[in-house]
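This is structure_9.txt (compact mmCIF, C-alpha atoms).
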# COMPACT_ATOMS: atom_id res chain seq x y z
CA MET D 1 0.00 0.00 0.00
CA SER D 2 1.47 3.30 -1.03
CA VAL D 3 1.44 6.35 1.17
CA THR D 4 -1.50 7.92 -0.65
CA GLU D 5 -3.58 4.77 -0.21
CA ILE D 6 -2.85 4.65 3.51
CA LEU D 7 -3.69 8.35 3.77
CA PHE D 8 -6.94 7.83 1.85
CA TRP D 9 -8.13 5.06 4.16
CA PHE D 10 -7.05 6.91 7.27
CA LEU D 11 -8.84 10.10 6.23
CA SER D 12 -11.95 8.16 5.19
CA VAL D 13 -12.17 6.34 8.51
CA LEU D 14 -11.60 9.63 10.33
CA ALA D 15 -14.31 11.41 8.33
CA LEU D 16 -16.87 8.63 8.75
CA GLY D 17 -16.11 8.10 12.44
CA SER D 18 -16.41 11.76 13.35
CA ALA D 19 -19.57 12.11 11.20
CA ILE D 20 -21.16 9.26 13.18
CA MET D 21 -20.06 10.94 16.39
CA VAL D 22 -21.66 14.22 15.24
CA VAL D 23 -25.01 12.45 15.00
CA ALA D 24 -24.64 10.26 18.07
CA SER D 25 -23.11 12.66 20.56
CA LYS D 26 -25.21 13.93 23.46
CA SER D 27 -23.71 17.33 23.93
CA PRO D 28 -24.04 19.90 21.11
CA VAL D 29 -20.56 21.28 21.75
CA HIS D 30 -19.07 17.82 21.18
CA SER D 31 -21.06 17.52 17.97
CA ILE D 32 -19.62 20.82 16.73
CA LEU D 33 -16.08 19.72 17.53
CA PHE D 34 -16.55 16.40 15.77
CA LEU D 35 -17.94 18.24 12.75
CA ILE D 36 -14.80 20.41 12.68
CA LEU D 37 -12.77 17.19 12.69
CA THR D 38 -14.87 15.91 9.79
CA PHE D 39 -14.15 19.08 7.83
CA PHE D 40 -10.44 18.68 8.42
CA ALA D 41 -10.62 15.10 7.13
CA ILE D 42 -12.50 16.23 4.03
CA SER D 43 -9.92 18.97 3.45
CA GLY D 44 -7.27 16.26 3.66
CA HIS D 45 -9.14 14.43 0.90
CA TYR D 46 -9.16 17.60 -1.17
CA ILE D 47 -5.37 17.88 -0.80
CA LEU D 48 -5.04 14.25 -1.88
CA LEU D 49 -7.04 15.14 -4.99
CA ASN D 50 -4.77 18.13 -5.62
CA ALA D 51 -7.57 20.64 -5.05
CA GLN D 52 -5.38 22.88 -2.95
CA PHE D 53 -7.46 26.04 -3.14
CA LEU D 54 -10.62 24.22 -2.08
CA ALA D 55 -8.85 22.52 0.81
CA ILE D 56 -7.70 25.82 2.26
CA VAL D 57 -11.03 27.55 1.57
CA ASN D 58 -12.85 24.62 3.20
CA ILE D 59 -10.80 25.02 6.37
CA ILE D 60 -11.06 28.79 6.46
CA VAL D 61 -14.74 29.14 5.56
CA TYR D 62 -16.34 26.00 6.96
CA ALA D 63 -14.22 25.05 9.94
CA GLY D 64 -13.07 28.56 10.67
CA ALA D 65 -16.15 30.72 10.18
CA ILE D 66 -19.31 28.63 9.99
CA MET D 67 -18.45 26.30 12.85
CA VAL D 68 -17.33 29.22 15.01
CA LEU D 69 -20.73 30.81 14.33
CA PHE D 70 -22.42 27.60 15.44
CA LEU D 71 -20.29 27.56 18.57
CA PHE D 72 -21.22 31.18 19.34
CA VAL D 73 -24.91 30.36 19.05
CA VAL D 74 -24.59 27.24 21.22
CA MET D 75 -22.68 29.16 23.87
CA LEU D 76 -25.24 31.97 23.69
CA MET D 77 -28.03 29.55 24.41
CA ASN D 78 -25.96 27.73 27.00
CA LEU D 79 -26.73 24.30 25.60
CA ASN D 80 -25.05 21.35 27.21
CA ALA D 81 -25.64 17.64 27.59
CA GLU D 82 -28.33 18.02 30.26
CA SER D 83 -30.52 20.51 28.45
CA GLU D 84 -30.44 18.47 25.26
CA PRO D 85 -33.96 17.27 24.31
CA PRO D 86 -33.77 13.47 24.25
CA GLN D 87 -35.38 11.49 21.53
CA LYS D 88 -37.81 9.43 23.58
CA ASN D 89 -39.65 8.01 20.63
CA LYS D 90 -37.76 4.78 20.00
CA TYR D 91 -39.69 4.16 16.80
CA LEU D 92 -38.43 7.41 15.35
CA LEU D 93 -34.85 6.55 16.24
CA TYR D 94 -34.99 3.11 14.66
CA GLY D 95 -37.09 4.32 11.76
CA GLY D 96 -34.77 7.19 10.97
CA THR D 97 -31.67 5.02 11.14
CA ILE D 98 -33.23 2.32 8.97
CA ALA D 99 -34.42 4.93 6.46
CA GLY D 100 -30.95 6.43 6.15
CA ALA D 101 -29.29 3.04 5.96
CA SER D 102 -31.68 1.85 3.26
CA LEU D 103 -31.03 5.04 1.30
CA LEU D 104 -27.32 4.22 1.46
CA LEU D 105 -28.00 0.63 0.43
CA VAL D 106 -30.14 1.64 -2.54
CA LEU D 107 -27.64 4.23 -3.79
CA VAL D 108 -24.66 1.92 -3.38
CA ALA D 109 -26.46 -0.92 -5.14
CA ALA D 110 -27.49 1.36 -7.98
CA LEU D 111 -23.98 2.67 -8.50
CA LYS D 112 -22.13 -0.59 -8.02
CA GLN D 113 -22.86 -1.76 -11.52
CA SER D 114 -22.18 1.55 -13.15
CA ALA D 115 -19.40 1.87 -15.65
CA THR D 116 -17.82 4.94 -14.13
CA GLY D 117 -14.80 3.10 -12.89
CA GLY D 118 -11.64 5.03 -13.43
CA MET D 119 -8.53 5.34 -11.41
CA ILE D 120 -7.79 8.69 -9.91
CA GLU D 121 -4.11 9.41 -9.59
CA THR D 122 -3.51 11.73 -6.78
CA ASN D 123 -1.24 14.73 -6.54
CA ASN D 124 -0.80 15.64 -10.17
CA GLY D 125 -2.64 17.71 -12.69
CA SER D 126 -2.99 21.43 -12.63
CA THR D 127 -6.74 21.76 -12.14
CA GLY D 128 -6.87 22.66 -8.49
CA LEU D 129 -4.14 25.24 -8.52
CA ILE D 130 -5.31 28.63 -7.44
CA GLU D 131 -3.91 30.36 -10.52
CA ASN D 132 -6.06 28.36 -12.94
CA LEU D 133 -9.11 28.57 -10.74
CA GLY D 134 -8.66 32.29 -10.33
CA LYS D 135 -8.38 32.84 -14.07
CA LEU D 136 -11.55 30.83 -14.63
CA LEU D 137 -13.40 32.59 -11.85
CA PHE D 138 -12.68 36.05 -13.19
CA THR D 139 -13.26 35.36 -16.88
CA ASP D 140 -15.95 32.74 -17.37
CA TYR D 141 -17.68 32.94 -14.03
CA VAL D 142 -17.41 36.61 -13.19
CA PHE D 143 -21.20 37.08 -13.24
CA PRO D 144 -21.93 34.47 -10.51
CA PHE D 145 -19.00 35.91 -8.60
CA GLU D 146 -20.58 39.36 -8.54
CA ILE D 147 -24.04 37.95 -7.83
CA SER D 148 -22.66 36.10 -4.82
CA SER D 149 -21.73 39.47 -3.33
CA VAL D 150 -25.40 40.48 -3.68
CA LEU D 151 -26.31 37.17 -2.04
CA PHE D 152 -24.07 37.91 0.92
CA LEU D 153 -25.51 41.40 1.22
CA SER D 154 -29.04 40.05 1.30
CA ALA D 155 -28.06 37.36 3.84
CA MET D 156 -26.51 39.99 6.09
CA ILE D 157 -29.55 42.25 5.86
CA GLY D 158 -31.84 39.29 6.43
CA ALA D 159 -29.95 38.12 9.50
CA VAL D 160 -30.01 41.60 11.03
CA VAL D 161 -33.70 42.17 10.23
CA ILE D 162 -34.70 38.78 11.66
CA SER D 163 -32.97 39.30 14.96
CA LYS D 164 -33.90 42.88 15.62
CA ARG D 165 -35.63 43.46 18.93
CA GLU D 166 -39.07 44.99 18.83
CA GLY D 167 -39.18 48.76 19.32
CA MET B 1 -7.91 5.03 -5.85
CA PRO B 2 -10.81 4.03 -8.05
CA VAL B 3 -13.40 6.76 -8.27
CA ASN B 4 -15.98 4.33 -6.85
CA TYR B 5 -14.32 4.61 -3.45
CA TYR B 6 -14.90 8.34 -3.47
CA ILE B 7 -18.51 7.82 -4.53
CA PHE B 8 -19.10 5.41 -1.64
CA LEU B 9 -17.43 7.73 0.85
CA ALA B 10 -19.56 10.69 -0.26
CA LEU B 11 -22.70 8.54 -0.15
CA ALA B 12 -21.90 7.30 3.34
CA LEU B 13 -21.34 10.84 4.60
CA PHE B 14 -24.57 12.00 2.96
CA CYS B 15 -26.59 9.17 4.50
CA ILE B 16 -25.10 9.83 7.95
CA GLY B 17 -26.32 13.40 7.50
CA VAL B 18 -29.77 12.13 6.53
CA ILE B 19 -29.90 9.92 9.63
CA GLY B 20 -28.92 12.90 11.76
CA VAL B 21 -31.67 15.11 10.30
CA LEU B 22 -34.28 12.40 10.84
CA THR B 23 -33.42 11.33 14.38
CA ARG B 24 -32.21 14.39 16.28
CA ARG B 25 -34.48 16.85 18.03
CA ASN B 26 -32.12 19.76 18.51
CA ALA B 27 -32.53 22.29 15.70
CA ILE B 28 -28.83 23.20 15.72
CA ILE B 29 -27.73 19.57 15.30
CA ILE B 30 -30.16 19.21 12.39
CA PHE B 31 -28.60 22.27 10.80
CA MET B 32 -25.12 20.82 11.25
CA CYS B 33 -26.17 17.59 9.55
CA ILE B 34 -27.36 19.65 6.58
CA GLU B 35 -23.84 21.10 6.37
CA LEU B 36 -22.47 17.57 6.47
CA MET B 37 -24.66 16.63 3.49
CA LEU B 38 -23.42 19.68 1.58
CA ASN B 39 -19.84 18.69 2.24
CA ALA B 40 -20.46 15.16 1.02
CA ALA B 41 -21.71 16.61 -2.27
CA ASN B 42 -18.64 18.86 -2.42
CA LEU B 43 -16.33 15.88 -2.01
CA LEU B 44 -18.07 14.04 -4.82
CA LEU B 45 -17.78 17.05 -7.13
CA VAL B 46 -14.06 17.42 -6.48
CA ALA B 47 -13.47 13.70 -7.08
CA PHE B 48 -15.26 13.90 -10.42
CA SER B 49 -13.37 17.03 -11.39
CA LYS B 50 -10.13 15.11 -10.85
CA LEU B 51 -11.44 12.24 -12.96
CA GLN B 52 -12.36 14.66 -15.73
CA THR B 53 -8.89 16.19 -15.65
CA GLN B 54 -7.30 12.81 -16.14
CA THR B 55 -9.46 11.59 -18.97
CA SER B 56 -9.15 14.77 -20.99
CA ASN B 57 -6.30 16.27 -22.99
CA LEU B 58 -6.69 19.70 -21.48
CA ALA B 59 -4.65 20.32 -18.38
CA THR B 60 -7.37 22.30 -16.63
CA ALA B 61 -10.40 20.31 -17.75
CA GLY B 62 -12.25 19.76 -14.50
CA SER B 63 -12.08 23.28 -13.12
CA ASP B 64 -15.79 23.93 -13.57
CA ALA B 65 -16.64 21.49 -10.80
CA GLN B 66 -14.22 23.16 -8.41
CA ILE B 67 -15.69 26.58 -9.16
CA PHE B 68 -19.11 25.05 -8.45
CA VAL B 69 -17.84 23.75 -5.09
CA PHE B 70 -16.62 27.26 -4.32
CA PHE B 71 -20.09 28.67 -4.97
CA ILE B 72 -21.70 25.91 -2.90
CA MET B 73 -19.54 27.03 0.01
CA VAL B 74 -20.66 30.62 -0.60
CA VAL B 75 -24.32 29.62 -0.51
CA ALA B 76 -23.77 27.46 2.58
CA ALA B 77 -22.20 30.36 4.45
CA ALA B 78 -25.11 32.68 3.62
CA GLU B 79 -27.63 30.00 4.54
CA VAL B 80 -25.96 29.29 7.89
CA SER B 81 -26.04 32.95 8.91
CA VAL B 82 -29.73 33.37 8.12
CA GLY B 83 -30.68 29.98 9.60
CA LEU B 84 -28.89 30.64 12.85
CA ALA B 85 -30.56 34.06 13.07
CA ILE B 86 -33.92 32.31 12.78
CA ILE B 87 -32.97 29.77 15.46
CA VAL B 88 -31.80 32.53 17.81
CA MET B 89 -35.08 34.40 17.31
CA MET B 90 -37.13 31.28 18.05
CA TYR B 91 -35.05 30.59 21.14
CA ARG B 92 -35.64 34.14 22.28
CA ASN B 93 -39.39 33.67 21.96
CA THR B 94 -39.83 30.17 23.32
CA HIS B 95 -36.58 29.38 25.20
CA SER B 96 -36.31 26.04 23.49
CA VAL B 97 -34.54 24.63 20.45
CA ASP B 98 -36.54 21.44 20.45
CA VAL B 99 -38.16 20.94 17.04
CA ASN B 100 -41.03 18.92 18.50
CA PHE B 101 -41.90 21.79 20.79
CA LEU B 102 -41.63 24.32 17.99
CA ASN B 103 -43.78 22.11 15.79
CA ARG B 104 -46.67 22.28 18.24
CA LEU B 105 -46.70 26.05 18.18
CA LYS B 106 -48.45 26.18 14.84
CA ASN B 107 -51.86 25.45 16.42
Structure re-expressed in structure tokens:
Amino acid sequence: MSVTEILFWFLSVLALGSAIMVVASKSPVHSILFLILTFFAISGHYILLNAQFLAIVNIIVYAGAIMVLFLFVVMLMNLNAESEPPQKNKYLLYGGTIAGASLLLVLVAALKQSATGGMIETNNGSTGLIENLGKLLFTDYVFPFEISSVLFLSAMIGAVVISKREG
Amino acid sequence: MPVNYYIFLALALFCIGVIGVLTRRNAIIIFMCIELMLNAANLLLVAFSKLQTQTSNLATAGSDAQIFVFFIMVVAAAEVSVGLAIIVMMYRNTHSVDVNFLNRLKN
């Protein structure tokens, strides 16, 4: 097994394990920390696929900004393991898990016979380099780039308007 | 690695997110599982962009998928800010983030 294969399996196990812990953990703060670990594992996968820009942006935006926002909100509401609403309905727990597992089973079975097999060699190719992505972003995709600034403006205004106190 | 491994990994992450949305009662945990599903889709897009780069003559063939992942992250950031504002407002009104409790308020 080469180094990239060992890294792939290690990162996959890390991502899946911390994703399961996000869902199964009692305290919301632990769930947030496990989700940050999942994002780091997925960024590791991006680096293995030579998508360097996306790996760094994933860490900065998702793990660095969005998860910190979640943590602020959880700390604001003072949520911990005791105040967590427990799922007393056992049928919903089993039903939800079986529904998700059967979705996975159906999708895996449908894609197992597909002819998309192709080997991905890691760590070569010049697609994920920031220079090429930047050129593409500012020539072909400059309109969505400018529209995303309008999207952010509307999200900011919306967030402020929603949480304004009365009077 | 065969691209099928990446497909199965992204599917497994997505379905773990689905299980989390269906079984948890805390609104914030449900929101985090939605982010997990978005990231699973991102991983799949990046894997396919790499596959497209390899099977094409052009050196920068799969860049469209990576630009799309960039915009998915943009949309996810905007959605998280507005969604958390809504959750904070509901907590301010009812002092609970339990979705079952919030569901009963509609009557």
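Between chain D and the candidates B:Asn4, B:Ile72, B:Ala27, B:Asn93, the tightest atom-to-atom separation, counting all atoms listed in the file, involves B:Asn4.
Residues in contact with Ser163 (chain D) at up to 8 Å, not including ones fewer than 2 positions away on its chain and judged by all atoms listed in the file, are Ala159, Val160, Val161 and Arg165 of chain D; Ala85, Ile86, Val88 and Met89 of chain B.
Non-sequential neighbours of Thr60 (chain B) (distance at most 10 Å, separation of 2 or more positions within a chain, all atoms listed in the file) are D:Gly125, D:Ser126, D:Thr127, D:Gly128, D:Leu129, D:Asn132, D:Leu133, D:Leu136, B:Ser49, B:Lys50, B:Gln52, B:Thr53, B:Gln54, B:Ser56, B:Asn57, B:Leu58, B:Gly62, B:Ser63, B:Asp64.
Distances from D:Val23, D:Leu76, D:Ser83, D:Ser149 to chain B were compared using only C-alpha atoms, and the smallest one belongs to D:Val23.
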Can you build me a table of chain B residues sitting at most 8 Å from chain D, with the closest atom pair per residue and its distance in Å to one decimal, using all atoms listed in the file, sorted by chain and residue number, as a Markdown table?
| residue | atom | partner | partner_atom | distance |
| --- | --- | --- | --- | --- |
| B:Met1 | CA | D:Ile120 | CA | 5.5 |
| B:Pro2 | CA | D:Met119 | CA | 4.3 |
| B:Val3 | CA | D:Gly118 | CA | 5.7 |
| B:Asn4 | CA | D:Gly117 | CA | 6.3 |
| B:Phe8 | CA | D:Val108 | CA | 6.8 |
| B:Leu9 | CA | D:Ser12 | CA | 7.0 |
| B:Leu11 | CA | D:Leu104 | CA | 6.5 |
| B:Ala12 | CA | D:Leu104 | CA | 6.5 |
| B:Leu13 | CA | D:Leu16 | CA | 6.5 |
| B:Cys15 | CA | D:Gly100 | CA | 5.4 |
| B:Ile16 | CA | D:Ile20 | CA | 6.6 |
| B:Gly17 | CA | D:Val23 | CA | 7.7 |
| B:Val18 | CA | D:Gly100 | CA | 5.8 |
| B:Ile19 | CA | D:Gly100 | CA | 5.0 |
| B:Gly20 | CA | D:Val23 | CA | 5.1 |
| B:Leu22 | CA | D:Gly96 | CA | 5.2 |
| B:Thr23 | CA | D:Leu93 | CA | 5.3 |
| B:Arg24 | CA | D:Gln87 | CA | 6.8 |
| B:Arg25 | CA | D:Pro85 | CA | 6.3 |
| B:Asn26 | CA | D:Pro85 | CA | 6.6 |
| B:Ile28 | CA | D:Phe70 | CA | 7.8 |
| B:Ile29 | CA | D:Pro28 | CA | 6.9 |
| B:Met32 | CA | D:Ile32 | CA | 7.8 |
| B:Cys33 | CA | D:Val23 | CA | 7.6 |
| B:Leu36 | CA | D:Leu35 | CA | 7.8 |
| B:Asn39 | CA | D:Ile42 | CA | 7.9 |
| B:Leu43 | CA | D:Ile42 | CA | 7.2 |
| B:Val46 | CA | D:Tyr46 | CA | 7.2 |
| B:Ala47 | CA | D:Leu49 | CA | 6.9 |
| B:Lys50 | CA | D:Leu49 | CA | 6.6 |
| B:Leu51 | CA | D:Ile120 | CA | 5.9 |
| B:Thr53 | CA | D:Thr127 | CA | 6.9 |
| B:Gln54 | CA | D:Ile120 | CA | 7.5 |
| B:Ala59 | CA | D:Ser126 | CA | 6.1 |
| B:Thr60 | CA | D:Thr127 | CA | 4.6 |
| B:Ala61 | CA | D:Thr127 | CA | 6.9 |
| B:Gly62 | CA | D:Thr127 | CA | 6.3 |
| B:Ser63 | CA | D:Thr127 | CA | 5.6 |
| B:Gln66 | CA | D:Leu54 | CA | 7.4 |
| B:Ile67 | CA | D:Leu137 | CA | 7.0 |
| B:Val69 | CA | D:Leu54 | CA | 7.8 |
| B:Phe70 | CA | D:Leu54 | CA | 7.1 |
| B:Phe71 | CA | D:Ser148 | CA | 7.9 |
| B:Met73 | CA | D:Val61 | CA | 7.6 |
| B:Val74 | CA | D:Ser148 | CA | 7.2 |
| B:Val75 | CA | D:Leu151 | CA | 8.0 |
| B:Ala77 | CA | D:Ile66 | CA | 6.5 |
| B:Ala78 | CA | D:Ala155 | CA | 5.5 |
| B:Glu79 | CA | D:Ala155 | CA | 7.4 |
| B:Val80 | CA | D:Ile66 | CA | 7.0 |
| B:Ser81 | CA | D:Ala159 | CA | 6.5 |
| B:Val82 | CA | D:Ala159 | CA | 5.0 |
| B:Leu84 | CA | D:Val73 | CA | 7.4 |
| B:Ala85 | CA | D:Ala159 | CA | 5.4 |
| B:Ile86 | CA | D:Ile162 | CA | 6.6 |
| B:Val88 | CA | D:Val73 | CA | 7.3 |
| B:Met89 | CA | D:Ser163 | CA | 5.8 |
| B:Tyr91 | CA | D:Met77 | CA | 7.8 |
| B:Asp98 | CA | D:Pro85 | CA | 6.2 |
Dump of C-alpha atoms for the selected residues, as a compact mmCIF listing (two decimals), keeping the file's coordinate frame:
# COMPACT_ATOMS: atom_id res chain seq x y z
CA MET B 1 -7.91 5.03 -5.85
CA PRO B 2 -10.81 4.03 -8.05
CA VAL B 3 -13.40 6.76 -8.27
CA ASN B 4 -15.98 4.33 -6.85
CA PHE B 8 -19.10 5.41 -1.64
CA LEU B 9 -17.43 7.73 0.85
CA LEU B 11 -22.70 8.54 -0.15
CA ALA B 12 -21.90 7.30 3.34
CA LEU B 13 -21.34 10.84 4.60
CA CYS B 15 -26.59 9.17 4.50
CA ILE B 16 -25.10 9.83 7.95
CA GLY B 17 -26.32 13.40 7.50
CA VAL B 18 -29.77 12.13 6.53
CA ILE B 19 -29.90 9.92 9.63
CA GLY B 20 -28.92 12.90 11.76
CA LEU B 22 -34.28 12.40 10.84
CA THR B 23 -33.42 11.33 14.38
CA ARG B 24 -32.21 14.39 16.28
CA ARG B 25 -34.48 16.85 18.03
CA ASN B 26 -32.12 19.76 18.51
CA ILE B 28 -28.83 23.20 15.72
CA ILE B 29 -27.73 19.57 15.30
CA MET B 32 -25.12 20.82 11.25
CA CYS B 33 -26.17 17.59 9.55
CA LEU B 36 -22.47 17.57 6.47
CA ASN B 39 -19.84 18.69 2.24
CA LEU B 43 -16.33 15.88 -2.01
CA VAL B 46 -14.06 17.42 -6.48
CA ALA B 47 -13.47 13.70 -7.08
CA LYS B 50 -10.13 15.11 -10.85
CA LEU B 51 -11.44 12.24 -12.96
CA THR B 53 -8.89 16.19 -15.65
CA GLN B 54 -7.30 12.81 -16.14
CA ALA B 59 -4.65 20.32 -18.38
CA THR B 60 -7.37 22.30 -16.63
CA ALA B 61 -10.40 20.31 -17.75
CA GLY B 62 -12.25 19.76 -14.50
CA SER B 63 -12.08 23.28 -13.12
CA GLN B 66 -14.22 23.16 -8.41
CA ILE B 67 -15.69 26.58 -9.16
CA VAL B 69 -17.84 23.75 -5.09
CA PHE B 70 -16.62 27.26 -4.32
CA PHE B 71 -20.09 28.67 -4.97
CA MET B 73 -19.54 27.03 0.01
CA VAL B 74 -20.66 30.62 -0.60
CA VAL B 75 -24.32 29.62 -0.51
CA ALA B 77 -22.20 30.36 4.45
CA ALA B 78 -25.11 32.68 3.62
CA GLU B 79 -27.63 30.00 4.54
CA VAL B 80 -25.96 29.29 7.89
CA SER B 81 -26.04 32.95 8.91
CA VAL B 82 -29.73 33.37 8.12
CA LEU B 84 -28.89 30.64 12.85
CA ALA B 85 -30.56 34.06 13.07
CA ILE B 86 -33.92 32.31 12.78
CA VAL B 88 -31.80 32.53 17.81
CA MET B 89 -35.08 34.40 17.31
CA TYR B 91 -35.05 30.59 21.14
CA ASP B 98 -36.54 21.44 20.45
Next item on the list: Tell me, in Å to one decimal, how far CA of Ile59 (chain D) is from CA of Phe14 (chain B).
Entry: 19.3 Å
Next item on the list: In Å, rounded to a single decimal, give me how far CA of Ala41 (chain B) is from CA of Ala109 (chain D).
Entry: 18.4 Å
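What separates CA of Gly44 (chain D) from CA of Ser2 (chain D) is a distance of 16.3 Å.
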Note to self: I need the residue nearest Leu45 (chain B) from this list: B:Met90, B:Ile7, B:Val97, B:Ala76. Use all atoms listed in the file for the distance.
What the structure shows: B:Ile7
